[in-house]
Amino acid sequence: MAQRSERRRIHLDQSDLLCTKGCGFYGNTAWQGLCSKCWREENQRDKQKQIQDDWALAERLQREEEEAYASRHQKAQSQAAVTPFNKFEERKTKEKSSKVNTVTKFFTPSSKTPPKKGSPSSCSTANRPSSADTDLATREFIDFLKPLKYGRQIFRQCRAFTESMAYKRDMGVEDMSECVQDFYQSLSERLHTQFKGTKMLYVEGIMDEVERYMTTRLYKEVFCPETSDDEKKDLAVQKRIRALHWVTTEMLGVPVDEEIPEASDSVVKAITDVIELDSKRVPKDKLACITRCSKHIFNAIRISKKEAASADDFLPTLIYIVLKANPPRLQSNIQYITRFCNPSRLMTGEDGYYFTNLCCALAFIEKLDGKSLNMTSEEFDRYMSGVQVSPNWPPVDGAALTQVHERLDLLSGLGERQELVMERARQLESDLIDWTDEVEQNVQSILETFEAPVSSAIDSDNVENEHLPPPLTPQVFAG
């Protein structure tokens, strides 16, 4: 008991959850510890710098091309035979414009424009069948916007944007995320201008419905897309969690007593909520599952400790819940929320706080080692390899262990008997094949030995031919 009390507890300072820029919002490990606002600003600065560098390189290449062209032009003038001046100027203009256009196109980002309304691809895309969830989300969005002053305009903008995203399926998921986030930001700024004087919660409510409509329509294209490695990371996380099945509450310093029925019930509800995360399509609904799971965790800690839970109690318990639940596609769900959720919800509020803790829990699981559990690396390796079992596993009495060994011996004997039967069956099959071949050879040799001679007369074998009457003789009658 003393050894358990000496175990080092998992501690996470609240400042570690905040943006590293010091803006006061919650950060995210996927954004290098920044909040969505600071991350976008950093990205925009990097892109502006990249664009400036590309244009500087383009201008330098263009100057080099012009200098090379001027040098060739001077050499051509020194030659005796030259083309007429007007044709030479025409060729010079064409060559220069083609080189400049080539350099400009090289550094200009390609954009895929949607086909025209009359084209077949446009008709097939517009007329493709939509799912029941998409139709329901569209109807609910229209009903929500009907009472609003600018509802029709908002719906047209959202529908046009989602339809334009259908032509960007080949785009990387990060680029698609940036497009969606840009749309969120521009629409939010426009709504704050149009509904000036109203409460911010009113605009946030509209943005929630916009998110629900757009993410439901784009879900199949943006959740765990083929252009990303999300599926590979999901498999790695699930494999990692399965390998850590031996981790106990004592090892993590979890202050939850599952012997108490109320606490155990809260643990089961928390596991159910974090597993249900994958069944939702809208980022807000996924965050609601995380929030419910976290509240059940706080309730289990409160019941076990008979006092209010602290943040130092919450994170180890959340890690334990994730290990016990092994939620499907956890990495994909976290990335989906990070990429396509309304950014204001991740920066503040309880949803943002609990989501940040879930990201920290996943990062801890991925880097978990012996030092994290206050044990030596050799002991950690023994647990991971299965040589050493969890100390909390229930002990097995001698009679039960003896019965297990007897059953194992019986199974081993049955296995040997099955192998013997299979071997004899294969031998019998081989003997049957050899016997069939031998019979065919004997029959063939007998037929070749006693083969009867072939007679040329058709009716030579017919003994009754001698008793047949002579053939009829034709007779001529005079008319």
# chains A, B, ... in the order shown; residues from 1 in each chain; ligands from 1
>>> closest_atom_pairs(of="range 300-389 of chain A", to="range 270-281 of chain A", cutoff="12 Å", atoms="only C-alpha atoms", output="CSV")
residue,atom,partner,partner_atom,distance
A:Ala300,CA,A:Ala270,CA,9.3
A:Ile301,CA,A:Ala270,CA,11.9
A:Thr317,CA,A:Ala270,CA,10.3
A:Leu318,CA,A:Ala270,CA,9.0
A:Ile319,CA,A:Ile271,CA,11.2
A:Tyr320,CA,A:Ile271,CA,9.8
A:Ile321,CA,A:Ile271,CA,6.1
A:Val322,CA,A:Ile271,CA,7.4
A:Leu323,CA,A:Ile271,CA,9.6
A:Lys324,CA,A:Ile271,CA,7.5
A:Ala325,CA,A:Ile271,CA,5.4
A:Asn326,CA,A:Ile275,CA,7.7
A:Pro327,CA,A:Ile275,CA,4.8
A:Pro328,CA,A:Asp278,CA,6.6
A:Arg329,CA,A:Asp278,CA,6.9
A:Leu330,CA,A:Asp278,CA,7.5
A:Gln331,CA,A:Asp278,CA,10.3
A:Ser332,CA,A:Asp278,CA,8.9
A:Asn333,CA,A:Asp278,CA,6.7
A:Ile334,CA,A:Leu277,CA,9.8
A:Tyr336,CA,A:Arg281,CA,9.6
A:Ile337,CA,A:Arg281,CA,9.9
A:Phe340,CA,A:Arg281,CA,11.0
A:Cys341,CA,A:Arg281,CA,11.1
A:Tyr354,CA,A:Val274,CA,11.8
A:Phe355,CA,A:Val274,CA,11.4
A:Leu358,CA,A:Val274,CA,10.0
>>> residues_around(residues="Phe144 in chain A", least_positions_apart="3", cutoff="12 Å", atoms="only C-alpha atoms", output="VMD selection string")
chain A and resid 137 to 141 147 to 152 154 to 155 205 to 210 212 to 213
>>> select_by_dssp(residues="range 293-338 of chain A", states="helix (DSSP H, G or I)", output="number ranges by chain")
A: 293-305, 311-325, 330-338
>>> atom_distance(atom1="CA of Pro283 in chain A", atom2="CA of Thr338 in chain A")
8.7 Å
>>> atom_distance(atom1="CA of Gln181 in chain A", atom2="CA of Arg169 in chain A")
16.6 Å
>>> atom_distance(atom1="CA of Glu366 in chain A", atom2="CA of Val237 in chain A")
7.3 Å
>>> residues_around(residues="Ala243 in chain A", least_positions_apart="4", cutoff="10 Å", atoms="only C-alpha atoms", output="PyMOL selection string")
chain A and resi 237-239+247+323+383-386
>>> residues_around(residues="Thr249 in chain A", least_positions_apart="4", cutoff="9 Å", atoms="only C-alpha atoms", output="JSON, numbers by chain")
{"A": [253, 254, 255, 256, 257, 316, 317, 320]}
>>> write_last_selection(atoms="C-alpha atoms", output="PDB file, in the first residue's frame")
ATOM      1  CA  GLY A 253      -2.982   7.125  -9.893  1.00  0.00           C
ATOM      2  CA  VAL A 254      -6.694   7.139 -10.735  1.00  0.00           C
ATOM      3  CA  PRO A 255      -8.778   8.026  -7.664  1.00  0.00           C
ATOM      4  CA  VAL A 256     -11.802   5.950  -8.709  1.00  0.00           C
ATOM      5  CA  ASP A 257     -13.063   2.972  -6.728  1.00  0.00           C
ATOM      6  CA  PRO A 316      -5.341  10.285 -15.276  1.00  0.00           C
ATOM      7  CA  THR A 317      -8.941   9.067 -15.121  1.00  0.00           C
ATOM      8  CA  TYR A 320      -7.753   5.201 -18.010  1.00  0.00           C
TER       9      TYR A 320
END
>>> residues_around(residues="range 183-188 of chain A", least_positions_apart="5", cutoff="9 Å", atoms="only C-alpha atoms", output="list in words")
Ile154, Gln157, Cys158, Phe161, Glu178, Thr193, Val203, Glu204, Ile206, Met207, Val210, Glu211, Asn342 and Pro343 of chain A
>>> write_last_selection(atoms="C-alpha atoms", output="short mmCIF file (atom, residue, chain, number, x, y, z; two decimals), in the first residue's frame")
data_model
loop_
_atom_site.label_atom_id
_atom_site.label_comp_id
_atom_site.auth_asym_id
_atom_site.auth_seq_id
_atom_site.Cartn_x
_atom_site.Cartn_y
_atom_site.Cartn_z
CA ILE A 154 -27.10 32.69 -45.71
CA GLN A 157 -23.96 31.15 -49.60
CA CYS A 158 -23.67 27.89 -47.64
CA PHE A 161 -19.85 26.75 -50.92
CA GLU A 178 -8.45 25.86 -44.63
CA THR A 193 -21.97 43.18 -39.10
CA VAL A 203 -24.52 34.72 -34.02
CA GLU A 204 -22.87 31.66 -32.47
CA ILE A 206 -26.39 30.59 -36.42
CA MET A 207 -22.80 29.42 -36.89
CA VAL A 210 -24.12 26.43 -40.49
CA GLU A 211 -21.54 23.95 -39.21
CA ASN A 342 -16.28 26.10 -35.54
CA PRO A 343 -12.96 27.44 -34.16
#
>>> closest_residue(among="A:Ala308, A:Ile433, A:Val282, A:Ile303", to="Glu262 in chain A", atoms="only C-alpha atoms")
A:Ile303
